[in-house]
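J.: File follows, run_15.json with JSON, C-alpha atoms and all ligand atoms:
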[["chain", "number", "residue", "atom", "x", "y", "z"],
["A", 1, "MET", "CA", 29.82, 5.03, -1.92],
["A", 2, "SER", "CA", 28.04, 6.66, -4.84],
["A", 3, "ALA", "CA", 25.85, 9.72, -4.27],
["A", 4, "VAL", "CA", 22.77, 7.59, -4.85],
["A", 5, "ASP", "CA", 23.92, 4.96, -2.31],
["A", 6, "LYS", "CA", 24.68, 7.73, 0.22],
["A", 7, "HIS", "CA", 21.20, 9.12, -0.23],
["A", 8, "ARG", "CA", 19.59, 5.71, 0.14],
["A", 9, "ALA", "CA", 21.60, 4.95, 3.32],
["A", 10, "ARG", "CA", 19.67, 7.73, 5.12],
["A", 11, "TYR", "CA", 16.31, 6.00, 4.78],
["A", 12, "THR", "CA", 14.63, 2.86, 6.08],
["A", 13, "PRO", "CA", 13.85, -0.10, 3.79],
["A", 14, "GLU", "CA", 10.15, 0.71, 4.29],
["A", 15, "GLN", "CA", 10.67, 4.26, 2.99],
["A", 16, "LEU", "CA", 12.83, 3.12, 0.08],
["A", 17, "GLU", "CA", 10.28, 0.51, -0.91],
["A", 18, "ARG", "CA", 7.83, 3.34, -1.51],
["A", 19, "LEU", "CA", 10.25, 5.25, -3.74],
["A", 20, "PRO", "CA", 9.47, 4.75, -7.45],
["A", 21, "PRO", "CA", 12.36, 4.22, -9.88],
["A", 22, "GLY", "CA", 14.46, 7.28, -10.73],
["A", 23, "GLN", "CA", 13.18, 9.29, -7.72],
["A", 24, "VAL", "CA", 15.01, 10.83, -4.74],
["A", 25, "ILE", "CA", 13.41, 11.43, -1.32],
["A", 26, "THR", "CA", 13.06, 15.08, -0.32],
["A", 27, "GLU", "CA", 12.60, 16.29, 3.24],
["A", 28, "LYS", "CA", 11.59, 19.78, 2.18],
["A", 29, "TRP", "CA", 8.48, 20.38, 0.14],
["A", 30, "PRO", "CA", 9.47, 22.06, -3.13],
["A", 31, "ILE", "CA", 7.07, 24.44, -4.87],
["A", 32, "LEU", "CA", 6.41, 23.74, -8.54],
["A", 33, "THR", "CA", 4.13, 26.19, -10.27],
["A", 34, "ALA", "CA", 4.01, 27.18, -13.92],
["A", 35, "GLY", "CA", 3.48, 30.95, -13.81],
["A", 36, "PRO", "CA", 2.31, 33.19, -10.97],
["A", 37, "ASN", "CA", 0.01, 32.08, -8.15],
["A", 38, "PRO", "CA", -3.62, 32.92, -8.88],
["A", 39, "ARG", "CA", -5.53, 35.20, -6.53],
["A", 40, "VAL", "CA", -8.23, 33.18, -4.85],
["A", 41, "ASP", "CA", -10.68, 35.00, -2.59],
["A", 42, "LEU", "CA", -12.52, 32.72, -0.13],
["A", 43, "ALA", "CA", -15.62, 34.93, -0.30],
["A", 44, "THR", "CA", -16.09, 34.17, -4.02],
["A", 45, "TRP", "CA", -14.32, 30.78, -4.17],
["A", 46, "ARG", "CA", -16.37, 27.92, -5.61],
["A", 47, "PHE", "CA", -15.67, 24.35, -6.55],
["A", 48, "SER", "CA", -17.90, 22.73, -9.18],
["A", 49, "LEU", "CA", -18.40, 19.63, -11.27],
["A", 50, "SER", "CA", -19.30, 19.94, -14.96],
["A", 51, "GLY", "CA", -19.68, 17.96, -18.17],
["A", 52, "ARG", "CA", -21.09, 14.46, -18.52],
["A", 53, "LEU", "CA", -23.24, 14.24, -15.39],
["A", 54, "GLU", "CA", -26.81, 14.54, -14.21],
["A", 55, "GLY", "CA", -27.56, 16.95, -11.43],
["A", 56, "GLU", "CA", -25.39, 19.82, -10.25],
["A", 57, "PHE", "CA", -22.57, 20.20, -7.80],
["A", 58, "SER", "CA", -21.16, 23.59, -6.89],
["A", 59, "VAL", "CA", -20.07, 24.61, -3.39],
["A", 60, "SER", "CA", -18.91, 27.76, -1.67],
["A", 61, "TRP", "CA", -15.97, 27.57, 0.74],
["A", 62, "GLU", "CA", -18.29, 27.23, 3.73],
["A", 63, "GLU", "CA", -20.25, 24.46, 2.02],
["A", 64, "PHE", "CA", -17.03, 22.67, 1.08],
["A", 65, "LYS", "CA", -15.80, 22.83, 4.69],
["A", 66, "ALA", "CA", -19.08, 21.30, 5.90],
["A", 67, "LEU", "CA", -18.75, 18.14, 3.75],
["A", 68, "PRO", "CA", -17.73, 14.83, 5.40],
["A", 69, "ARG", "CA", -13.95, 14.67, 5.63],
["A", 70, "VAL", "CA", -11.16, 12.11, 5.30],
["A", 71, "LYS", "CA", -7.48, 11.88, 6.26],
["A", 72, "VAL", "CA", -5.11, 10.12, 3.87],
["A", 73, "THR", "CA", -1.43, 9.34, 4.50],
["A", 74, "THR", "CA", 0.38, 8.83, 1.24],
["A", 75, "ASP", "CA", 3.36, 9.87, -0.92],
["A", 76, "MET", "CA", 3.91, 12.57, -3.54],
["A", 77, "HIS", "CA", 6.10, 12.06, -6.61],
["A", 78, "CYS", "CA", 7.15, 14.89, -8.93],
["A", 79, "VAL", "CA", 8.40, 14.05, -12.41],
["A", 80, "THR", "CA", 11.42, 16.33, -11.73],
["A", 81, "ARG", "CA", 12.51, 13.37, -9.53],
["A", 82, "TRP", "CA", 11.67, 14.36, -5.95],
["A", 83, "SER", "CA", 9.32, 12.32, -3.78],
["A", 84, "ARG", "CA", 7.82, 13.17, -0.41],
["A", 85, "ILE", "CA", 7.39, 9.90, 1.45],
["A", 86, "GLY", "CA", 4.67, 9.86, 4.10],
["A", 87, "THR", "CA", 2.56, 13.00, 4.11],
["A", 88, "THR", "CA", -0.93, 13.40, 5.45],
["A", 89, "TRP", "CA", -3.69, 15.14, 3.55],
["A", 90, "GLU", "CA", -7.09, 16.12, 4.93],
["A", 91, "GLY", "CA", -10.09, 17.14, 2.89],
["A", 92, "VAL", "CA", -13.02, 15.67, 1.03],
["A", 93, "SER", "CA", -12.71, 12.47, -0.98],
["A", 94, "ILE", "CA", -13.78, 12.55, -4.59],
["A", 95, "ARG", "CA", -16.08, 9.60, -3.98],
["A", 96, "GLU", "CA", -17.89, 11.60, -1.30],
["A", 97, "ILE", "CA", -18.51, 14.40, -3.82],
["A", 98, "LEU", "CA", -19.60, 12.02, -6.55],
["A", 99, "LYS", "CA", -22.36, 10.66, -4.29],
["A", 100, "ARG", "CA", -24.12, 13.96, -4.96],
["A", 101, "VAL", "CA", -24.44, 13.68, -8.76],
["A", 102, "ARG", "CA", -24.92, 10.91, -11.28],
["A", 103, "LEU", "CA", -22.19, 10.46, -13.89],
["A", 104, "LEU", "CA", -23.46, 9.66, -17.35],
["A", 105, "PRO", "CA", -22.40, 6.21, -18.59],
["A", 106, "ASP", "CA", -20.24, 7.73, -21.34],
["A", 107, "ALA", "CA", -18.06, 9.70, -18.89],
["A", 108, "GLY", "CA", -14.60, 8.15, -19.18],
["A", 109, "PHE", "CA", -12.12, 10.99, -18.64],
["A", 110, "VAL", "CA", -11.76, 14.13, -16.59],
["A", 111, "VAL", "CA", -10.00, 17.46, -16.81],
["A", 112, "ALA", "CA", -9.21, 19.28, -13.57],
["A", 113, "HIS", "CA", -9.33, 23.06, -13.99],
["A", 114, "SER", "CA", -7.49, 25.45, -11.68],
["A", 115, "TYR", "CA", -7.86, 29.07, -10.78],
["A", 116, "GLY", "CA", -5.18, 30.71, -12.95],
["A", 117, "GLY", "CA", -5.88, 28.52, -15.98],
["A", 118, "TYR", "CA", -3.83, 25.35, -15.30],
["A", 119, "THR", "CA", -5.44, 22.11, -16.44],
["A", 120, "THR", "CA", -4.56, 18.42, -16.23],
["A", 121, "ASN", "CA", -6.36, 15.33, -17.55],
["A", 122, "LEU", "CA", -6.81, 11.83, -16.22],
["A", 123, "PRO", "CA", -8.92, 8.75, -16.82],
["A", 124, "LEU", "CA", -12.06, 8.64, -14.67],
["A", 125, "ALA", "CA", -10.82, 5.36, -13.16],
["A", 126, "ASP", "CA", -7.77, 7.13, -11.68],
["A", 127, "LEU", "CA", -9.92, 9.91, -10.22],
["A", 128, "LEU", "CA", -12.08, 7.27, -8.51],
["A", 129, "ASP", "CA", -9.13, 5.72, -6.66],
["A", 130, "ASP", "CA", -9.77, 5.64, -2.91],
["A", 131, "GLU", "CA", -6.77, 7.87, -2.10],
["A", 132, "VAL", "CA", -7.92, 10.75, -4.29],
["A", 133, "LEU", "CA", -9.15, 13.82, -2.45],
["A", 134, "LEU", "CA", -9.72, 17.55, -2.54],
["A", 135, "ALA", "CA", -7.29, 18.61, 0.16],
["A", 136, "ASP", "CA", -7.16, 21.79, 2.19],
["A", 137, "ILE", "CA", -4.82, 20.59, 4.96],
["A", 138, "ASN", "CA", -1.37, 18.96, 4.69],
["A", 139, "ASP", "CA", 0.48, 17.55, 7.70],
["A", 140, "GLY", "CA", -1.95, 19.35, 9.99],
["A", 141, "GLU", "CA", -1.50, 22.80, 8.45],
["A", 142, "PRO", "CA", -3.90, 24.67, 6.16],
["A", 143, "LEU", "CA", -2.54, 24.41, 2.62],
["A", 144, "SER", "CA", -0.41, 27.49, 1.83],
["A", 145, "ILE", "CA", -1.14, 29.47, -1.30],
["A", 146, "ASP", "CA", 2.13, 28.26, -2.89],
["A", 147, "HIS", "CA", 1.03, 24.65, -2.47],
["A", 148, "GLY", "CA", -2.43, 25.27, -3.92],
["A", 149, "GLY", "CA", -4.40, 26.71, -1.00],
["A", 150, "PRO", "CA", -7.15, 27.01, -0.18],
["A", 151, "MET", "CA", -7.72, 23.62, -1.84],
["A", 152, "ARG", "CA", -6.09, 21.32, -4.37],
["A", 153, "LEU", "CA", -6.76, 18.01, -6.01],
["A", 154, "VAL", "CA", -4.48, 15.20, -4.77],
["A", 155, "VAL", "CA", -3.98, 12.10, -6.95],
["A", 156, "PRO", "CA", -1.19, 10.33, -5.06],
["A", 157, "LYS", "CA", -0.71, 7.39, -7.41],
["A", 158, "LEU", "CA", 0.16, 9.56, -10.44],
["A", 159, "TYR", "CA", 2.99, 12.09, -10.86],
["A", 160, "ALA", "CA", 2.14, 15.26, -8.98],
["A", 161, "TRP", "CA", 1.45, 17.40, -12.05],
["A", 162, "LYS", "CA", -1.92, 15.60, -12.05],
["A", 163, "SER", "CA", -2.64, 17.06, -8.58],
["A", 164, "ALA", "CA", -4.08, 20.40, -9.68],
["A", 165, "LYS", "CA", -3.43, 23.19, -7.18],
["A", 166, "TRP", "CA", -6.19, 25.83, -6.66],
["A", 167, "CYS", "CA", -8.66, 23.39, -8.19],
["A", 168, "ARG", "CA", -11.95, 25.07, -9.15],
["A", 169, "GLU", "CA", -13.68, 22.54, -11.39],
["A", 170, "ILE", "CA", -13.61, 18.92, -12.45],
["A", 171, "GLU", "CA", -15.03, 18.36, -15.91],
["A", 172, "PHE", "CA", -16.26, 14.91, -16.98],
["A", 173, "LEU", "CA", -15.68, 14.01, -20.62],
["A", 174, "THR", "CA", -16.47, 11.24, -23.06],
["A", 175, "ASP", "CA", -13.17, 11.65, -24.90],
["A", 176, "ASP", "CA", -9.77, 12.38, -23.41],
["A", 177, "ARG", "CA", -8.46, 15.95, -23.73],
["A", 178, "SER", "CA", -4.84, 16.89, -22.88],
["A", 179, "GLY", "CA", -4.14, 19.35, -20.08],
["A", 180, "PHE", "CA", -1.37, 21.93, -19.69],
["A", 181, "TRP", "CA", 1.74, 19.76, -19.22],
["A", 182, "GLU", "CA", 0.31, 16.93, -21.28],
["A", 183, "ASN", "CA", 0.22, 19.39, -24.21],
["A", 184, "TYR", "CA", 3.91, 20.17, -23.60],
["A", 185, "GLY", "CA", 4.88, 16.52, -23.96],
["A", 186, "TYR", "CA", 4.43, 15.10, -20.47],
["A", 187, "HIS", "CA", 3.02, 11.59, -20.49],
["A", 188, "ASN", "CA", -0.75, 11.41, -20.84],
["A", 189, "HIS", "CA", -1.10, 9.04, -17.87],
["A", 190, "GLY", "CA", 1.92, 9.62, -15.57],
["A", 191, "ASP", "CA", 2.28, 6.48, -13.45],
["A", 192, "PRO", "CA", 5.51, 6.94, -11.42],
["A", 193, "TRP", "CA", 6.00, 3.18, -10.98],
["A", 194, "LYS", "CA", 6.12, 2.78, -14.77],
["A", 195, "GLU", "CA", 8.16, 5.99, -15.16],
["A", 196, "GLU", "CA", 5.55, 7.43, -17.48],
["A", 197, "ARG", "CA", 7.38, 10.76, -17.58],
["A", 198, "MET", "CA", 7.31, 12.01, -21.15],
["A", 199, "TRP", "CA", 5.06, 11.01, -23.98],
["A", 200, "ARG", "CA", 6.72, 8.43, -26.30],
["A", 201, "ASP", "CA", 9.23, 7.47, -23.57],
["A", 301, "LIG", "N1", -2.63, 24.92, -10.78],
["A", 301, "LIG", "C1", -1.47, 24.28, -10.81],
["A", 301, "LIG", "N2", -1.38, 23.05, -10.27],
["A", 301, "LIG", "C2", -0.21, 22.38, -10.29],
["A", 301, "LIG", "C3", 0.93, 22.93, -10.91],
["A", 301, "LIG", "C4", 0.82, 24.22, -11.49],
["A", 301, "LIG", "O1", 1.77, 24.77, -12.05],
["A", 301, "LIG", "N3", -0.40, 24.86, -11.42],
["A", 301, "LIG", "N4", 2.11, 22.22, -10.93],
["A", 301, "LIG", "C5", 2.01, 20.76, -10.79],
["A", 301, "LIG", "C6", 3.28, 20.11, -10.57],
["A", 301, "LIG", "S1", 4.30, 19.93, -11.92],
["A", 301, "LIG", "C7", 3.62, 19.56, -9.37],
["A", 301, "LIG", "S2", 5.02, 18.65, -9.15],
["A", 301, "LIG", "C8", 2.80, 19.80, -8.18],
["A", 301, "LIG", "C9", 3.65, 20.50, -7.15],
["A", 301, "LIG", "O2", 2.95, 20.79, -6.00],
["A", 301, "LIG", "P1", 3.69, 21.64, -4.89],
["A", 301, "LIG", "O3", 4.11, 22.95, -5.53],
["A", 301, "LIG", "O4", 2.71, 21.81, -3.81],
["A", 301, "LIG", "O5", 4.89, 20.84, -4.50],
["A", 301, "LIG", "O6", 1.65, 20.61, -8.44],
["A", 301, "LIG", "C10", 1.04, 20.38, -9.68],
["A", 301, "LIG", "N5", -0.17, 21.15, -9.73],
["A", 302, "MO", "MO", 5.98, 18.39, -11.19]]
Could the structure of this file be written out as structure tokens, please?

T.:
Amino acid sequence: MSAVDKHRARYTPEQLERLPPGQVITEKWPILTAGPNPRVDLATWRFSLSGRLEGEFSVSWEEFKALPRVKVTTDMHCVTRWSRIGTTWEGVSIREILKRVRLLPDAGFVVAHSYGGYTTNLPLADLLDDEVLLADINDGEPLSIDHGGPMRLVVPKLYAWKSAKWCREIEFLTDDRSGFWENYGYHNHGDPWKEERMWRD
């Protein structure tokens, strides 16, 4: 049996069906961070929306915790080829937050900004997917600092570099603007089912 077949033999057909091409299931949750963890103090923490919108949205930690919450069970796929199959996130859905402002009609793209300077871009349509949330709990535990605590963006249907840890702002744009890894040659979109790993694949 090849190494790949041996690996696959450990999982159910239902789990394997959820594994995109070229990925391997991981039981542990690896930590992938470019650079050091940022220092995020809950007393001064804020999450805000900016750019092409009418109205304002900016919340303190207490205000964020008071927003209506959701629980989403989904998968997580890293372009370095590991996938977590079946993990539960709790937090606030993006749609819930967007009820509180009005996007301008020319908003078509977003950049997520993190404490520490990391950025990643995605089309507005992918941000609006019903599984997308701002998560502060994973599998029942408060998100650790290594995994983006106190809160991170989670965009399950794209490779995990789009899921900005320590998210502090989502900026709405008319024109697309590459984020951190996208500038280093990662694919602009990053759909794991299409193996959109590197740009010009
Ligand atoms: N702020 C920030 N967010 C980030 C990253 C990062 O380096 N900084 N790495 C991304 C990458 S490449 C992946 S695979 C996931 C990893 O999340 P994890 O460390 O919780 O597994 O976070 C993404 N979000
Ligand atoms: Mo990644």

J.: Tell me, in Å to one decimal, how far CA of Thr74 (chain A) is from CA of Gly86 (chain A).

T.: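 Atom-to-atom, CA of Thr74 (chain A) and CA of Gly86 (chain A) are spaced 5.3 Å apart.
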
J.: Do you know which residues are at most 12 Å from Val72 (chain A) counting all atoms listed in the file, after dropping those on the same chain fewer than 6 positions away, and could you put them as a ChimeraX atom specification?

T.: /A:86-93,130-140,154-156

J.: Where does chain A meet ligand MO 302 (chain A) within 10 Å, residue by residue, with the nearest atom pair and distance in Å to one decimal for each, counting only C-alpha atoms and all ligand atoms, listed by chain and rising number, as JSON lines?

T.:
{"residue": "A:Pro30", "atom": "CA", "partner": "A:MO302", "partner_atom": "MO", "distance": 9.5}
{"residue": "A:Ile31", "atom": "CA", "partner": "A:MO302", "partner_atom": "MO", "distance": 8.8}
{"residue": "A:Leu32", "atom": "CA", "partner": "A:MO302", "partner_atom": "MO", "distance": 6.0}
{"residue": "A:Thr33", "atom": "CA", "partner": "A:MO302", "partner_atom": "MO", "distance": 8.1}
{"residue": "A:Ala34", "atom": "CA", "partner": "A:MO302", "partner_atom": "MO", "distance": 9.4}
{"residue": "A:Met76", "atom": "CA", "partner": "A:MO302", "partner_atom": "MO", "distance": 9.8}
{"residue": "A:His77", "atom": "CA", "partner": "A:MO302", "partner_atom": "MO", "distance": 7.8}
{"residue": "A:Cys78", "atom": "CA", "partner": "A:MO302", "partner_atom": "MO", "distance": 4.3}
{"residue": "A:Val79", "atom": "CA", "partner": "A:MO302", "partner_atom": "MO", "distance": 5.1}
{"residue": "A:Thr80", "atom": "CA", "partner": "A:MO302", "partner_atom": "MO", "distance": 5.8}
{"residue": "A:Arg81", "atom": "CA", "partner": "A:MO302", "partner_atom": "MO", "distance": 8.4}
{"residue": "A:Trp82", "atom": "CA", "partner": "A:MO302", "partner_atom": "MO", "distance": 8.7}
{"residue": "A:Tyr159", "atom": "CA", "partner": "A:MO302", "partner_atom": "MO", "distance": 7.0}
{"residue": "A:Ala160", "atom": "CA", "partner": "A:MO302", "partner_atom": "MO", "distance": 5.4}
{"residue": "A:Trp161", "atom": "CA", "partner": "A:MO302", "partner_atom": "MO", "distance": 4.7}
{"residue": "A:Lys162", "atom": "CA", "partner": "A:MO302", "partner_atom": "MO", "distance": 8.4}
{"residue": "A:Ser163", "atom": "CA", "partner": "A:MO302", "partner_atom": "MO", "distance": 9.1}
{"residue": "A:Trp181", "atom": "CA", "partner": "A:MO302", "partner_atom": "MO", "distance": 9.2}
{"residue": "A:Tyr186", "atom": "CA", "partner": "A:MO302", "partner_atom": "MO", "distance": 10.0}

J.: Return the single residue from A:Glu54, A:Glu63, A:Glu182, A:Glu169 that is closest to Ala112 (chain A), with distances computed using all atoms listed in the file.

T.: A:Glu169

J.: Which residues are near Leu122 (chain A)? Cut-off 9 Å, all atoms listed in the file, ignore same chain within fewer than 6 positions. Put them as a ChimeraX atom specification.

T.: /A:109-112,162,176-179,188-189

J.: Please measure the separation of CA of Thr119 (chain A) and CA of Glu96 (chain A), giving the value in Å to one decimal.

T.: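 We find that CA of Thr119 (chain A) and CA of Glu96 (chain A) lie 22.2 Å from each other.
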
J.: Taking 5 positions as the minimum chain separation for residues in the same chain, which residues sit within 6 Å of region 47-52 of chain A when counting only C-alpha atoms? Answer as a PyMOL selection string.

T.: chain A and resi 57-59+104+107+168-173

J.: Quick one: of A:Gln15, A:Thr26, A:Ser2, A:Thr44, who's nearest to ligand LIG 301 (chain A), counting only C-alpha atoms and all ligand atoms?

T.: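 Among A:Gln15, A:Thr26, A:Ser2, A:Thr44, it is A:Thr26 that comes nearest to ligand LIG 301 (chain A).
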
J.: Just to confirm, what's the straight-line distance from CA of Ala125 (chain A) to CA of Arg69 (chain A) in Å (one decimal)?

T.: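 CA of Ala125 (chain A) sits 21.2 Å away from CA of Arg69 (chain A).
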
J.: Would you be able to write out as a list in words which residues have an atom within 9 Å of (6.9, 5.8, -12.5) in the file's coordinates, counting all atoms listed in the file?

T.: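 Taken together, the residues in range are Pro20, Pro21, Gly22, Gln23, His77, Val79, Leu158, Tyr159, Gly190, Asp191, Pro192, Trp193, Lys194, Glu195, Glu196 and Arg197 of chain A.
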
J.: Hey, could you pull the box centre and edge lengths for region 165-182 of chain A, axis-aligned, 3 Å padding per side, all listed atoms, to one decimal in Å, as AutoDock Vina command-line options?

T.:
--center_x -7.4 --center_y 18.5 --center_z -15.8 --size_x 24.2 --size_y 20.6 --size_z 24.2

J.: Where atoms are missing, can you supply N, CA and C atoms for region 6-39 of chain A and output the lot as a short mmCIF file (atom, residue, chain, number, x, y, z; two decimals), keeping the file's coordinate frame?

T.:
data_model
loop_
_atom_site.label_atom_id
_atom_site.label_comp_id
_atom_site.auth_asym_id
_atom_site.auth_seq_id
_atom_site.Cartn_x
_atom_site.Cartn_y
_atom_site.Cartn_z
N LYS A 6 24.64 6.88 -0.98
CA LYS A 6 24.68 7.73 0.22
C LYS A 6 23.29 8.22 0.57
N HIS A 7 22.57 8.64 -0.43
CA HIS A 7 21.20 9.12 -0.23
C HIS A 7 20.33 8.00 0.34
N ARG A 8 20.44 6.83 -0.27
CA ARG A 8 19.59 5.71 0.14
C ARG A 8 19.91 5.24 1.56
N ALA A 9 21.17 5.40 1.99
CA ALA A 9 21.60 4.95 3.32
C ALA A 9 20.89 5.74 4.42
N ARG A 10 20.32 6.90 4.10
CA ARG A 10 19.67 7.73 5.12
C ARG A 10 18.24 7.30 5.40
N TYR A 11 17.73 6.35 4.63
CA TYR A 11 16.31 6.00 4.78
C TYR A 11 16.12 4.53 5.11
N THR A 12 14.94 4.24 5.70
CA THR A 12 14.63 2.86 6.08
C THR A 12 14.20 2.06 4.84
N PRO A 13 14.32 0.73 4.91
CA PRO A 13 13.85 -0.10 3.79
C PRO A 13 12.38 0.17 3.46
N GLU A 14 11.57 0.45 4.52
CA GLU A 14 10.15 0.71 4.29
C GLU A 14 9.96 1.99 3.45
N GLN A 15 10.76 3.01 3.76
CA GLN A 15 10.67 4.26 2.99
C GLN A 15 11.14 4.04 1.55
N LEU A 16 12.25 3.31 1.42
CA LEU A 16 12.83 3.12 0.08
C LEU A 16 11.94 2.26 -0.80
N GLU A 17 11.20 1.36 -0.16
CA GLU A 17 10.28 0.51 -0.91
C GLU A 17 9.18 1.35 -1.58
N ARG A 18 8.89 2.48 -0.97
CA ARG A 18 7.83 3.34 -1.51
C ARG A 18 8.35 4.35 -2.53
N LEU A 19 9.66 4.29 -2.81
CA LEU A 19 10.25 5.25 -3.74
C LEU A 19 10.26 4.68 -5.16
N PRO A 20 9.50 5.27 -6.08
CA PRO A 20 9.47 4.75 -7.45
C PRO A 20 10.84 4.91 -8.13
N PRO A 21 11.08 4.17 -9.20
CA PRO A 21 12.36 4.22 -9.88
C PRO A 21 12.71 5.63 -10.35
N GLY A 22 13.99 5.99 -10.23
CA GLY A 22 14.46 7.28 -10.73
C GLY A 22 14.12 8.46 -9.85
N GLN A 23 13.59 8.20 -8.63
CA GLN A 23 13.18 9.29 -7.72
C GLN A 23 14.15 9.40 -6.55
N VAL A 24 14.18 10.56 -5.92
CA VAL A 24 15.01 10.83 -4.74
C VAL A 24 14.08 11.39 -3.66
N ILE A 25 14.28 10.95 -2.41
CA ILE A 25 13.41 11.43 -1.32
C ILE A 25 13.80 12.86 -0.95
N THR A 26 12.81 13.72 -0.79
CA THR A 26 13.06 15.08 -0.32
C THR A 26 12.42 15.26 1.05
N GLU A 27 13.13 15.98 1.92
CA GLU A 27 12.60 16.29 3.24
C GLU A 27 11.79 17.57 3.17
N LYS A 28 12.31 18.51 2.36
CA LYS A 28 11.59 19.78 2.18
C LYS A 28 10.49 19.55 1.16
N TRP A 29 9.57 20.47 1.12
CA TRP A 29 8.48 20.38 0.14
C TRP A 29 8.70 21.45 -0.92
N PRO A 30 9.25 21.07 -2.08
CA PRO A 30 9.47 22.06 -3.13
C PRO A 30 8.15 22.64 -3.65
N ILE A 31 8.24 23.81 -4.26
CA ILE A 31 7.07 24.44 -4.87
C ILE A 31 7.27 24.40 -6.38
N LEU A 32 6.33 23.77 -7.08
CA LEU A 32 6.41 23.74 -8.54
C LEU A 32 5.14 24.31 -9.14
N THR A 33 5.27 25.51 -9.67
CA THR A 33 4.13 26.19 -10.27
C THR A 33 4.56 26.80 -11.59
N ALA A 34 3.78 26.54 -12.63
CA ALA A 34 4.01 27.18 -13.92
C ALA A 34 3.31 28.53 -13.88
N GLY A 35 4.08 29.61 -13.84
CA GLY A 35 3.48 30.95 -13.81
C GLY A 35 3.20 31.42 -12.40
N PRO A 36 2.58 32.60 -12.29
CA PRO A 36 2.31 33.19 -10.97
C PRO A 36 1.17 32.47 -10.25
N ASN A 37 1.15 32.61 -8.92
CA ASN A 37 0.01 32.08 -8.15
C ASN A 37 -1.25 32.86 -8.52
N PRO A 38 -2.38 32.18 -8.66
CA PRO A 38 -3.62 32.92 -8.88
C PRO A 38 -4.09 33.58 -7.58
N ARG A 39 -4.88 34.61 -7.71
CA ARG A 39 -5.53 35.20 -6.53
C ARG A 39 -6.83 34.47 -6.31
#
